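Data block below; observations after.
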Amino acid sequence: MSPLIAASLGAAVLSLARKRPEANFARLVEDAYFRGASHIHLGERARYRVDGELVAGLRLSRRAMAGVARHVRGLPRLVAFRGSTGFELDLRVREDVIELLVRCTITLGLDTLDLWPETAERLTRIARERRALVLVAGAGQSGRTIAARALLAELNPERTRTAEREDLERWEELDADALLVERLRDARTADLALEAALEGRLVVATTVACDASGAEARLRGLAAPALLPGLALVLAQRLVPRRCCTCTAGCARCKGTGKKGRVALQEVLVREGSGLRLARSFAEDARWKIERGLTDERACA
Ligand SMILES: [Zn+2]
């Protein structure tokens with residue numbers, strides 16, 4: 001064999017070896033996708049988040065997993081992925097967690113929340129100006145905490161703190177532009193959260209309520225009236241089944257049901273002068289999401 005051919009063969013073998021982590025990564029994403037995972041958690045073993053539960057993922061050798069982890073560290077934050085059967089995904093990479101974003105969801109800056117564009121825009125504006133309390137409401141299992149966290153992650157990924165009641169007592173000392181207050185349920189917490197908002201922080205708080213006006217009434221019942229202008233927006237949500245977007249009549253991914261995961265229907269109140277105005281009703285939001293094929297009439301009934 002001529003030295004030249006040997007050298008080029010050597011190069012081919014080397015580039016194959018380099019590509020193995022990429023191939024293993026692709027196998028992992030495909031496997032996770034077909035098992036209906038929303039996230040892949042890397043580690044010694046891959047785990048998938050399927051309908052909120054962490055389950056064991058594809059078994060790869062320790063060495064192969066290390067290769068995948070290395071490959072992932074070199075990826076940009078958002079990656080387009082095309083599977084061997086032609087499906088397309090966006091992958092959102094956050095350290096060792098990869099989120100699988102199915103392409104047929106509504107794509108916006110605040111995309112994982114399925115927000116109506118006008119709401120997303122207003123939230124972005126509110127976040128820029130800070131000085132506002134955003135109240136995220138829902139009944140049990142409505143995804144309100146996840147929504148609140150996602151909002152903060154998108155609006156203010158840097159200096160955000162989760163503040164318990166005790167932290168709120170000294171919010172001025174917290175090195176934070178944005179605060180997450182989970183479960184606003186007593187007068188003192190309500191006052192402190194609104195005070196922090198009026199003094200220039202972005203505060204996102206969650207509360208238990210079935211709709212936006214219920215959430216507003218709850219806050220009004222708790223807080224000092226003089227502080228209420230700090231409330232800029234109320235977002236209430238409830239979850240309904242999401243249509244599977246890889247099939248029309250059932251596939252392996254949705255186990256033949258035609259439904260996979262859930263989508264949030266939202267109701268929004270926004271500040272207008274001294275009061276709040278209904279900017280989006282549950283019914284309007286449902287109609288819009290049905291039209292876009294995210295869910296259907298029966299699921300929203
Ligand atoms: Zn399907």
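Residue numbering restarts at 1 in every chain; chains get A, B, ... in the order shown in the structure tokens, and ligands count up from 1 in that same order.
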Item to check | Residues within 10 Å of ligand 1, counting only C-alpha atoms and all ligand atoms, as JSON, numbers by chain | outcome: {"A": [34, 36, 243, 244, 245, 246, 247, 248, 249, 250, 251, 252, 253, 254, 255, 256, 257, 258, 259, 260]}
Emit the selected residues as a PDB file, in the first residue's frame, including C-alpha atoms.
ATOM      1  CA  PHE A  34     -40.061   7.748  19.856  1.00  0.00           C
ATOM      2  CA  GLY A  36     -42.380  10.425  23.810  1.00  0.00           C
ATOM      3  CA  ARG A 243     -52.692  16.669  19.540  1.00  0.00           C
ATOM      4  CA  CYS A 244     -49.897  14.337  18.468  1.00  0.00           C
ATOM      5  CA  CYS A 245     -48.081  16.148  15.710  1.00  0.00           C
ATOM      6  CA  THR A 246     -46.395  13.220  14.059  1.00  0.00           C
ATOM      7  CA  CYS A 247     -49.598  11.487  13.000  1.00  0.00           C
ATOM      8  CA  THR A 248     -53.201  12.129  12.088  1.00  0.00           C
ATOM      9  CA  ALA A 249     -54.727   8.875  13.311  1.00  0.00           C
ATOM     10  CA  GLY A 250     -52.397   7.459  15.932  1.00  0.00           C
ATOM     11  CA  CYS A 251     -48.775   6.308  15.932  1.00  0.00           C
ATOM     12  CA  ALA A 252     -46.227   4.661  18.226  1.00  0.00           C
ATOM     13  CA  ARG A 253     -45.300   7.996  19.727  1.00  0.00           C
ATOM     14  CA  CYS A 254     -48.818   8.686  20.979  1.00  0.00           C
ATOM     15  CA  LYS A 255     -49.632   4.975  21.507  1.00  0.00           C
ATOM     16  CA  GLY A 256     -52.396   5.225  18.922  1.00  0.00           C
ATOM     17  CA  THR A 257     -54.381   7.838  20.842  1.00  0.00           C
ATOM     18  CA  GLY A 258     -53.629  10.816  18.597  1.00  0.00           C
ATOM     19  CA  LYS A 259     -52.828  12.826  21.752  1.00  0.00           C
ATOM     20  CA  LYS A 260     -49.431  13.458  23.226  1.00  0.00           C
TER      21      LYS A 260
END
Item to check | Residues near Ala137 (chain A), cut-off 12 Å, only C-alpha atoms, skip fewer than 6 positions along chain, as a ChimeraX atom specification | outcome: /A:143-148,182-185,204-219,233-238,264-269
Let's have the selection written as an mmCIF file, in the first residue's frame, with N, CA and C atoms.
data_model
loop_
_atom_site.group_PDB
_atom_site.id
_atom_site.type_symbol
_atom_site.label_atom_id
_atom_site.label_comp_id
_atom_site.auth_asym_id
_atom_site.auth_seq_id
_atom_site.Cartn_x
_atom_site.Cartn_y
_atom_site.Cartn_z
ATOM 1 N N GLY A 143 -49.842 23.324 35.823
ATOM 2 C CA GLY A 143 -48.533 23.695 35.293
ATOM 3 C C GLY A 143 -48.151 25.132 35.600
ATOM 4 N N ARG A 144 -48.806 25.752 36.608
ATOM 5 C CA ARG A 144 -48.541 27.184 36.852
ATOM 6 C C ARG A 144 -47.109 27.433 37.318
ATOM 7 N N THR A 145 -46.551 26.540 38.143
ATOM 8 C CA THR A 145 -45.182 26.760 38.620
ATOM 9 C C THR A 145 -44.185 26.609 37.481
ATOM 10 N N ILE A 146 -44.410 25.602 36.643
ATOM 11 C CA ILE A 146 -43.531 25.409 35.485
ATOM 12 C C ILE A 146 -43.613 26.635 34.576
ATOM 13 N N ALA A 147 -44.856 27.133 34.378
ATOM 14 C CA ALA A 147 -45.034 28.308 33.517
ATOM 15 C C ALA A 147 -44.302 29.510 34.103
ATOM 16 N N ALA A 148 -44.412 29.703 35.414
ATOM 17 C CA ALA A 148 -43.759 30.847 36.068
ATOM 18 C C ALA A 148 -42.241 30.742 35.918
ATOM 19 N N GLU A 182 -43.308 31.597 44.937
ATOM 20 C CA GLU A 182 -44.244 30.500 44.723
ATOM 21 C C GLU A 182 -45.343 30.554 45.772
ATOM 22 N N ARG A 183 -46.577 30.469 45.321
ATOM 23 C CA ARG A 183 -47.740 30.452 46.183
ATOM 24 C C ARG A 183 -47.875 31.692 47.046
ATOM 25 N N LEU A 184 -48.382 32.697 46.434
ATOM 26 C CA LEU A 184 -48.685 33.929 47.148
ATOM 27 C C LEU A 184 -49.954 33.679 47.941
ATOM 28 N N ARG A 185 -49.857 33.528 49.253
ATOM 29 C CA ARG A 185 -51.079 33.163 49.976
ATOM 30 C C ARG A 185 -51.316 33.900 51.275
ATOM 31 N N VAL A 204 -42.430 37.494 39.622
ATOM 32 C CA VAL A 204 -43.404 36.542 39.092
ATOM 33 C C VAL A 204 -43.873 35.694 40.264
ATOM 34 N N ALA A 205 -45.173 35.712 40.527
ATOM 35 C CA ALA A 205 -45.709 34.965 41.656
ATOM 36 C C ALA A 205 -46.769 34.000 41.171
ATOM 37 N N THR A 206 -46.891 32.879 41.847
ATOM 38 C CA THR A 206 -47.946 31.938 41.466
ATOM 39 C C THR A 206 -49.018 31.935 42.542
ATOM 40 N N THR A 207 -50.225 31.609 42.126
ATOM 41 C CA THR A 207 -51.318 31.503 43.092
ATOM 42 C C THR A 207 -52.333 30.481 42.588
ATOM 43 N N VAL A 208 -53.088 29.922 43.528
ATOM 44 C CA VAL A 208 -54.092 28.939 43.142
ATOM 45 C C VAL A 208 -55.398 29.666 42.855
ATOM 46 N N ALA A 209 -55.856 29.573 41.624
ATOM 47 C CA ALA A 209 -57.145 30.158 41.232
ATOM 48 C C ALA A 209 -57.526 29.554 39.895
ATOM 49 N N CYS A 210 -58.826 29.432 39.647
ATOM 50 C CA CYS A 210 -59.266 28.789 38.403
ATOM 51 C C CYS A 210 -59.163 29.719 37.205
ATOM 52 N N ASP A 211 -59.272 31.030 37.444
ATOM 53 C CA ASP A 211 -59.199 31.960 36.320
ATOM 54 C C ASP A 211 -58.500 33.246 36.740
ATOM 55 N N ALA A 212 -58.296 34.108 35.782
ATOM 56 C CA ALA A 212 -57.492 35.311 36.026
ATOM 57 C C ALA A 212 -58.198 36.279 36.969
ATOM 58 N N SER A 213 -59.523 36.440 36.796
ATOM 59 C CA SER A 213 -60.198 37.394 37.686
ATOM 60 C C SER A 213 -60.238 36.853 39.110
ATOM 61 N N GLY A 214 -60.315 35.529 39.257
ATOM 62 C CA GLY A 214 -60.257 34.917 40.589
ATOM 63 C C GLY A 214 -58.917 35.194 41.253
ATOM 64 N N ALA A 215 -57.854 35.126 40.452
ATOM 65 C CA ALA A 215 -56.500 35.369 40.969
ATOM 66 C C ALA A 215 -56.349 36.830 41.379
ATOM 67 N N GLU A 216 -56.897 37.725 40.559
ATOM 68 C CA GLU A 216 -56.809 39.148 40.880
ATOM 69 C C GLU A 216 -57.579 39.452 42.168
ATOM 70 N N ALA A 217 -58.772 38.871 42.276
ATOM 71 C CA ALA A 217 -59.591 39.094 43.470
ATOM 72 C C ALA A 217 -58.859 38.594 44.715
ATOM 73 N N ARG A 218 -58.175 37.482 44.565
ATOM 74 C CA ARG A 218 -57.437 36.911 45.685
ATOM 75 C C ARG A 218 -56.332 37.867 46.142
ATOM 76 N N LEU A 219 -55.623 38.418 45.185
ATOM 77 C CA LEU A 219 -54.547 39.347 45.534
ATOM 78 C C LEU A 219 -55.126 40.615 46.160
ATOM 79 N N LEU A 233 -49.898 42.124 35.222
ATOM 80 C CA LEU A 233 -50.507 41.134 34.330
ATOM 81 C C LEU A 233 -50.885 39.882 35.118
ATOM 82 N N VAL A 234 -52.023 39.318 34.781
ATOM 83 C CA VAL A 234 -52.420 38.041 35.380
ATOM 84 C C VAL A 234 -52.557 37.028 34.251
ATOM 85 N N LEU A 235 -51.883 35.917 34.410
ATOM 86 C CA LEU A 235 -51.961 34.845 33.413
ATOM 87 C C LEU A 235 -52.521 33.616 34.115
ATOM 88 N N ALA A 236 -53.726 33.206 33.720
ATOM 89 C CA ALA A 236 -54.291 31.983 34.308
ATOM 90 C C ALA A 236 -54.231 30.905 33.248
ATOM 91 N N GLN A 237 -54.001 29.690 33.661
ATOM 92 C CA GLN A 237 -53.967 28.641 32.643
ATOM 93 C C GLN A 237 -54.553 27.329 33.124
ATOM 94 N N ARG A 238 -55.006 26.550 32.149
ATOM 95 C CA ARG A 238 -55.383 25.165 32.442
ATOM 96 C C ARG A 238 -54.902 24.309 31.283
ATOM 97 N N ALA A 264 -51.375 24.352 27.195
ATOM 98 C CA ALA A 264 -52.045 25.244 28.145
ATOM 99 C C ALA A 264 -53.003 26.179 27.422
ATOM 100 N N LEU A 265 -54.231 26.271 27.934
ATOM 101 C CA LEU A 265 -55.154 27.316 27.491
ATOM 102 C C LEU A 265 -55.008 28.449 28.498
ATOM 103 N N GLN A 266 -54.923 29.658 27.992
ATOM 104 C CA GLN A 266 -54.624 30.762 28.890
ATOM 105 C C GLN A 266 -55.638 31.886 28.859
ATOM 106 N N GLU A 267 -55.763 32.521 29.988
ATOM 107 C CA GLU A 267 -56.598 33.718 30.108
ATOM 108 C C GLU A 267 -55.698 34.816 30.653
ATOM 109 N N VAL A 268 -55.813 36.014 30.102
ATOM 110 C CA VAL A 268 -54.866 37.074 30.460
ATOM 111 C C VAL A 268 -55.585 38.376 30.801
ATOM 112 N N LEU A 269 -55.208 38.952 31.936
ATOM 113 C CA LEU A 269 -55.657 40.294 32.303
ATOM 114 C C LEU A 269 -54.447 41.210 32.251
#
Checklist entry - Using only C-alpha atoms, which residues sit within 12 Å of region 56-67 of chain A once same-chain residues fewer than 5 positions away are excluded, as a PyMOL selection string? => result chain A and resi 17-37+39-50+72-74+96
Let me see the file: selected residues, N, CA and C atoms, as an mmCIF file, in the first residue's frame.
data_model
loop_
_atom_site.group_PDB
_atom_site.id
_atom_site.type_symbol
_atom_site.label_atom_id
_atom_site.label_comp_id
_atom_site.auth_asym_id
_atom_site.auth_seq_id
_atom_site.Cartn_x
_atom_site.Cartn_y
_atom_site.Cartn_z
ATOM 1 N N ALA A 17 -14.065 7.700 13.839
ATOM 2 C CA ALA A 17 -14.011 7.587 15.290
ATOM 3 C C ALA A 17 -14.518 8.868 15.941
ATOM 4 N N ARG A 18 -14.183 9.995 15.314
ATOM 5 C CA ARG A 18 -14.631 11.278 15.858
ATOM 6 C C ARG A 18 -16.129 11.409 15.753
ATOM 7 N N LYS A 19 -16.673 10.791 14.702
ATOM 8 C CA LYS A 19 -18.106 10.979 14.490
ATOM 9 C C LYS A 19 -18.961 10.050 15.346
ATOM 10 N N ARG A 20 -18.331 9.054 15.998
ATOM 11 C CA ARG A 20 -19.139 8.107 16.755
ATOM 12 C C ARG A 20 -19.977 8.799 17.835
ATOM 13 N N PRO A 21 -19.422 9.743 18.595
ATOM 14 C CA PRO A 21 -20.252 10.424 19.599
ATOM 15 C C PRO A 21 -21.466 11.089 18.974
ATOM 16 N N GLU A 22 -21.287 11.631 17.797
ATOM 17 C CA GLU A 22 -22.392 12.298 17.114
ATOM 18 C C GLU A 22 -23.465 11.283 16.740
ATOM 19 N N ALA A 23 -23.008 10.103 16.257
ATOM 20 C CA ALA A 23 -23.955 9.050 15.887
ATOM 21 C C ALA A 23 -24.686 8.541 17.130
ATOM 22 N N ASN A 24 -23.970 8.376 18.224
ATOM 23 C CA ASN A 24 -24.610 7.922 19.466
ATOM 24 C C ASN A 24 -25.610 8.951 19.969
ATOM 25 N N PHE A 25 -25.253 10.216 19.800
ATOM 26 C CA PHE A 25 -26.140 11.296 20.212
ATOM 27 C C PHE A 25 -27.438 11.223 19.400
ATOM 28 N N ALA A 26 -27.309 11.023 18.089
ATOM 29 C CA ALA A 26 -28.477 10.936 17.216
ATOM 30 C C ALA A 26 -29.357 9.742 17.608
ATOM 31 N N ARG A 27 -28.716 8.622 17.945
ATOM 32 C CA ARG A 27 -29.486 7.435 18.374
ATOM 33 C C ARG A 27 -30.281 7.750 19.631
ATOM 34 N N LEU A 28 -29.634 8.451 20.541
ATOM 35 C CA LEU A 28 -30.249 8.797 21.814
ATOM 36 C C LEU A 28 -31.471 9.703 21.594
ATOM 37 N N VAL A 29 -31.299 10.706 20.729
ATOM 38 C CA VAL A 29 -32.405 11.645 20.475
ATOM 39 C C VAL A 29 -33.574 10.917 19.809
ATOM 40 N N GLU A 30 -33.269 10.049 18.844
ATOM 41 C CA GLU A 30 -34.342 9.299 18.172
ATOM 42 C C GLU A 30 -35.095 8.413 19.156
ATOM 43 N N ASP A 31 -34.316 7.724 19.962
ATOM 44 C CA ASP A 31 -34.931 6.817 20.938
ATOM 45 C C ASP A 31 -35.845 7.604 21.885
ATOM 46 N N ALA A 32 -35.328 8.735 22.370
ATOM 47 C CA ALA A 32 -36.104 9.566 23.309
ATOM 48 C C ALA A 32 -37.370 10.075 22.635
ATOM 49 N N TYR A 33 -37.231 10.509 21.380
ATOM 50 C CA TYR A 33 -38.361 11.041 20.644
ATOM 51 C C TYR A 33 -39.458 9.987 20.497
ATOM 52 N N PHE A 34 -39.048 8.794 20.090
ATOM 53 C CA PHE A 34 -40.061 7.748 19.856
ATOM 54 C C PHE A 34 -40.651 7.209 21.149
ATOM 55 N N ARG A 35 -39.997 7.475 22.252
ATOM 56 C CA ARG A 35 -40.608 7.087 23.526
ATOM 57 C C ARG A 35 -41.400 8.246 24.134
ATOM 58 N N GLY A 36 -41.528 9.322 23.367
ATOM 59 C CA GLY A 36 -42.380 10.425 23.810
ATOM 60 C C GLY A 36 -41.760 11.299 24.881
ATOM 61 N N ALA A 37 -40.425 11.341 24.934
ATOM 62 C CA ALA A 37 -39.768 12.127 25.980
ATOM 63 C C ALA A 37 -39.806 13.614 25.655
ATOM 64 N N HIS A 39 -37.608 15.565 27.582
ATOM 65 C CA HIS A 39 -36.227 15.939 27.914
ATOM 66 C C HIS A 39 -35.352 14.697 27.973
ATOM 67 N N ILE A 40 -34.069 14.905 27.688
ATOM 68 C CA ILE A 40 -33.059 13.867 27.928
ATOM 69 C C ILE A 40 -32.124 14.409 29.000
ATOM 70 N N HIS A 41 -31.917 13.635 30.031
ATOM 71 C CA HIS A 41 -30.947 14.020 31.063
ATOM 72 C C HIS A 41 -29.711 13.150 30.893
ATOM 73 N N LEU A 42 -28.585 13.779 30.661
ATOM 74 C CA LEU A 42 -27.358 13.013 30.511
ATOM 75 C C LEU A 42 -26.768 12.734 31.889
ATOM 76 N N GLY A 43 -25.914 11.745 31.940
ATOM 77 C CA GLY A 43 -25.268 11.372 33.192
ATOM 78 C C GLY A 43 -24.528 10.094 32.910
ATOM 79 N N GLU A 44 -24.290 9.276 33.937
ATOM 80 C CA GLU A 44 -23.654 7.996 33.649
ATOM 81 C C GLU A 44 -24.556 7.168 32.749
ATOM 82 N N ARG A 45 -25.857 7.295 32.999
ATOM 83 C CA ARG A 45 -26.853 6.684 32.121
ATOM 84 C C ARG A 45 -27.811 7.766 31.681
ATOM 85 N N ALA A 46 -28.278 7.646 30.464
ATOM 86 C CA ALA A 46 -29.252 8.639 29.999
ATOM 87 C C ALA A 46 -30.599 8.340 30.648
ATOM 88 N N ARG A 47 -31.313 9.408 31.006
ATOM 89 C CA ARG A 47 -32.680 9.257 31.481
ATOM 90 C C ARG A 47 -33.557 10.186 30.652
ATOM 91 N N TYR A 48 -34.832 9.789 30.516
ATOM 92 C CA TYR A 48 -35.759 10.622 29.755
ATOM 93 C C TYR A 48 -36.851 11.112 30.685
ATOM 94 N N ARG A 49 -37.360 12.293 30.388
ATOM 95 C CA ARG A 49 -38.560 12.748 31.073
ATOM 96 C C ARG A 49 -39.738 12.466 30.148
ATOM 97 N N VAL A 50 -40.607 11.570 30.586
ATOM 98 C CA VAL A 50 -41.776 11.212 29.782
ATOM 99 C C VAL A 50 -43.019 11.537 30.613
ATOM 100 N N VAL A 72 -22.232 17.087 23.270
ATOM 101 C CA VAL A 72 -23.294 18.021 23.660
ATOM 102 C C VAL A 72 -22.713 19.330 24.166
ATOM 103 N N ARG A 73 -21.599 19.243 24.882
ATOM 104 C CA ARG A 73 -20.970 20.470 25.401
ATOM 105 C C ARG A 73 -20.518 21.399 24.270
ATOM 106 N N GLY A 74 -20.272 20.810 23.112
ATOM 107 C CA GLY A 74 -19.830 21.632 21.979
ATOM 108 C C GLY A 74 -20.976 22.193 21.141
ATOM 109 N N ASP A 96 -26.440 19.592 30.886
ATOM 110 C CA ASP A 96 -26.615 18.183 30.553
ATOM 111 C C ASP A 96 -28.082 17.796 30.386
#
Next on the checklist: Here is a test: counting only C-alpha atoms, which residue of A:Ala223, A:Leu155, A:Ala80, A:Pro229 is nearest to Glu121 (chain A)?
Outcome noted: A:Leu155
Distance query Ala226 (chain A) at most 10 Å, only C-alpha atoms, self and fewer than 2 positions along chain excluded, as a compact mmCIF listing (two decimals) with N, CA and C atoms, in the first residue's frame:
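This went into result-v2.txt:
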# COMPACT_ATOMS: atom_id res chain seq x y z
N ASP A 191 -47.88 41.88 50.12
CA ASP A 191 -47.39 43.26 50.23
C ASP A 191 -45.92 43.36 49.84
N LEU A 194 -45.42 42.95 46.05
CA LEU A 194 -45.84 44.15 45.31
C LEU A 194 -44.88 45.31 45.55
N GLU A 195 -44.38 45.40 46.77
CA GLU A 195 -43.44 46.47 47.11
C GLU A 195 -42.15 46.30 46.28
N ALA A 223 -53.62 42.13 49.63
CA ALA A 223 -52.62 43.20 49.63
C ALA A 223 -53.19 44.55 50.05
N ALA A 224 -52.31 45.43 50.47
CA ALA A 224 -52.70 46.81 50.77
C ALA A 224 -53.11 47.49 49.46
N LEU A 228 -51.53 47.82 45.00
CA LEU A 228 -52.11 47.05 43.89
C LEU A 228 -51.69 47.49 42.49
N PRO A 229 -51.37 48.78 42.27
CA PRO A 229 -50.91 49.16 40.93
C PRO A 229 -49.64 48.43 40.49
N GLY A 230 -48.97 47.76 41.41
CA GLY A 230 -47.78 46.96 41.05
C GLY A 230 -48.13 45.74 40.23
Next on the checklist: Which residues are near Asp90 (chain A)? Cut-off 9 Å, only C-alpha atoms, ignore same chain within fewer than 4 positions. Put them as a list in words.
Outcome noted: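 The residues satisfying every condition are Leu78, Val79, Ala80, Phe81, Arg82, Glu99, Leu100, Leu101, Val102 and Arg103 of chain A.
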Item to check | Distance query Pro76 (chain A) at most 12 Å, only C-alpha atoms, self and fewer than 6 positions along chain excluded, as a PyMOL selection string | outcome: chain A and resi 90-95+98
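With distances restricted to only C-alpha atoms, A:Arg242 is the closest residue to Ala299 (chain A) from A:Ala196, A:Leu276, A:Arg242, A:Glu166.
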Item to check | Shell around Cys300 (chain A) at 10 Å using only C-alpha atoms, local window under 4 positions removed, as a PyMOL selection string | outcome: chain A and resi 238-242+265+282-283+286-287+289-290+295-296
Let me see the file: selected residues, N, CA and C atoms, as an mmCIF file, in the first residue's frame.
data_model
loop_
_atom_site.group_PDB
_atom_site.id
_atom_site.type_symbol
_atom_site.label_atom_id
_atom_site.label_comp_id
_atom_site.auth_asym_id
_atom_site.auth_seq_id
_atom_site.Cartn_x
_atom_site.Cartn_y
_atom_site.Cartn_z
ATOM 1 N N ARG A 238 -55.006 26.550 32.149
ATOM 2 C CA ARG A 238 -55.383 25.165 32.442
ATOM 3 C C ARG A 238 -54.902 24.309 31.283
ATOM 4 N N LEU A 239 -54.633 23.042 31.582
ATOM 5 C CA LEU A 239 -54.030 22.170 30.582
ATOM 6 C C LEU A 239 -55.057 21.267 29.930
ATOM 7 N N VAL A 240 -54.950 21.109 28.620
ATOM 8 C CA VAL A 240 -55.812 20.183 27.887
ATOM 9 C C VAL A 240 -54.912 19.286 27.036
ATOM 10 N N PRO A 241 -55.414 18.117 26.606
ATOM 11 C CA PRO A 241 -54.562 17.228 25.796
ATOM 12 C C PRO A 241 -54.078 17.899 24.514
ATOM 13 N N ARG A 242 -52.820 17.656 24.181
ATOM 14 C CA ARG A 242 -52.212 18.209 22.966
ATOM 15 C C ARG A 242 -52.309 17.156 21.862
ATOM 16 N N LEU A 265 -54.231 26.271 27.934
ATOM 17 C CA LEU A 265 -55.154 27.316 27.491
ATOM 18 C C LEU A 265 -55.008 28.449 28.498
ATOM 19 N N PHE A 282 -60.217 32.446 27.912
ATOM 20 C CA PHE A 282 -59.946 31.017 27.696
ATOM 21 C C PHE A 282 -60.544 30.563 26.365
ATOM 22 N N ALA A 283 -61.770 31.047 26.079
ATOM 23 C CA ALA A 283 -62.461 30.618 24.860
ATOM 24 C C ALA A 283 -61.714 31.079 23.605
ATOM 25 N N ALA A 286 -58.594 29.003 23.255
ATOM 26 C CA ALA A 286 -58.908 27.641 22.818
ATOM 27 C C ALA A 286 -59.176 27.636 21.311
ATOM 28 N N ARG A 287 -59.962 28.616 20.835
ATOM 29 C CA ARG A 287 -60.279 28.679 19.404
ATOM 30 C C ARG A 287 -59.004 28.787 18.571
ATOM 31 N N LYS A 289 -55.941 27.895 19.399
ATOM 32 C CA LYS A 289 -55.108 26.688 19.476
ATOM 33 C C LYS A 289 -55.738 25.516 18.719
ATOM 34 N N ILE A 290 -57.065 25.518 18.632
ATOM 35 C CA ILE A 290 -57.737 24.491 17.825
ATOM 36 C C ILE A 290 -57.448 24.745 16.342
ATOM 37 N N THR A 295 -54.697 21.357 19.508
ATOM 38 C CA THR A 295 -55.631 20.562 20.290
ATOM 39 C C THR A 295 -56.935 20.503 19.504
ATOM 40 N N ASP A 296 -57.991 19.938 20.075
ATOM 41 C CA ASP A 296 -59.254 19.925 19.336
ATOM 42 C C ASP A 296 -60.433 20.274 20.238
#
Next on the checklist: Taking the DSSP secondary structure from the backbone, can you list the residues of region 43-177 of chain A that are helix (DSSP H, G or I), as an MDAnalysis selection string?
Outcome noted: chainID A and resid 62:73 111:113 117:129 144:155 165:168 171:173
Item to check | Distance in Å - CA of Gly138 (chain A) versus CA of Ser38 (chain A) | outcome: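 Computing it gives 21.9 Å between the two atoms.
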Next on the checklist: Residues of region 119-212 of chain A classed as strand (DSSP E) by DSSP on the backbone are to be reported as a PyMOL selection string.
Outcome noted: chain A and resi 132-138+160-162+178-181+202-208
Go ahead and dump the residues you just picked, N, CA and C atoms, as a compact mmCIF listing (two decimals), in the first residue's frame.
# COMPACT_ATOMS: atom_id res chain seq x y z
N ALA A 132 -42.79 45.39 38.04
CA ALA A 132 -44.08 44.78 37.79
C ALA A 132 -44.20 43.44 38.49
N LEU A 133 -45.42 43.16 38.92
CA LEU A 133 -45.73 41.83 39.42
C LEU A 133 -46.56 41.12 38.36
N VAL A 134 -46.12 39.94 37.97
CA VAL A 134 -46.88 39.10 37.05
C VAL A 134 -47.40 37.93 37.89
N LEU A 135 -48.71 37.76 37.87
CA LEU A 135 -49.33 36.71 38.67
C LEU A 135 -49.70 35.55 37.74
N VAL A 136 -49.19 34.36 38.04
CA VAL A 136 -49.50 33.18 37.24
C VAL A 136 -50.42 32.28 38.06
N ALA A 137 -51.61 32.04 37.53
CA ALA A 137 -52.62 31.32 38.30
C ALA A 137 -53.06 30.04 37.61
N GLY A 138 -53.52 29.13 38.40
CA GLY A 138 -54.09 27.91 37.87
C GLY A 138 -54.56 27.05 39.03
N THR A 160 -31.93 36.01 38.73
CA THR A 160 -33.25 35.65 39.23
C THR A 160 -33.11 34.83 40.50
N ARG A 161 -33.93 35.13 41.48
CA ARG A 161 -33.91 34.36 42.72
C ARG A 161 -35.30 33.84 43.03
N THR A 162 -35.35 32.61 43.54
CA THR A 162 -36.60 32.12 44.07
C THR A 162 -36.67 32.62 45.51
N ALA A 178 -34.89 39.88 39.37
CA ALA A 178 -36.18 39.21 39.24
C ALA A 178 -36.37 38.22 40.38
N LEU A 179 -37.60 38.13 40.85
CA LEU A 179 -37.90 37.23 41.96
C LEU A 179 -39.05 36.31 41.59
N LEU A 180 -38.91 35.06 41.99
CA LEU A 180 -40.01 34.11 41.82
C LEU A 180 -40.59 33.84 43.20
N VAL A 181 -41.87 34.10 43.34
CA VAL A 181 -42.53 33.86 44.62
C VAL A 181 -43.57 32.76 44.39
N LEU A 202 -38.66 42.73 38.74
CA LEU A 202 -39.67 41.93 38.06
C LEU A 202 -40.02 40.79 39.01
N VAL A 203 -41.26 40.72 39.43
CA VAL A 203 -41.66 39.67 40.36
C VAL A 203 -42.69 38.78 39.67
N VAL A 204 -42.43 37.49 39.62
CA VAL A 204 -43.40 36.54 39.09
C VAL A 204 -43.87 35.69 40.26
N ALA A 205 -45.17 35.71 40.53
CA ALA A 205 -45.71 34.96 41.66
C ALA A 205 -46.77 34.00 41.17
N THR A 206 -46.89 32.88 41.85
CA THR A 206 -47.95 31.94 41.47
C THR A 206 -49.02 31.94 42.54
N THR A 207 -50.22 31.61 42.13
CA THR A 207 -51.32 31.50 43.09
C THR A 207 -52.33 30.48 42.59
N VAL A 208 -53.09 29.92 43.53
CA VAL A 208 -54.09 28.94 43.14
C VAL A 208 -55.40 29.67 42.85
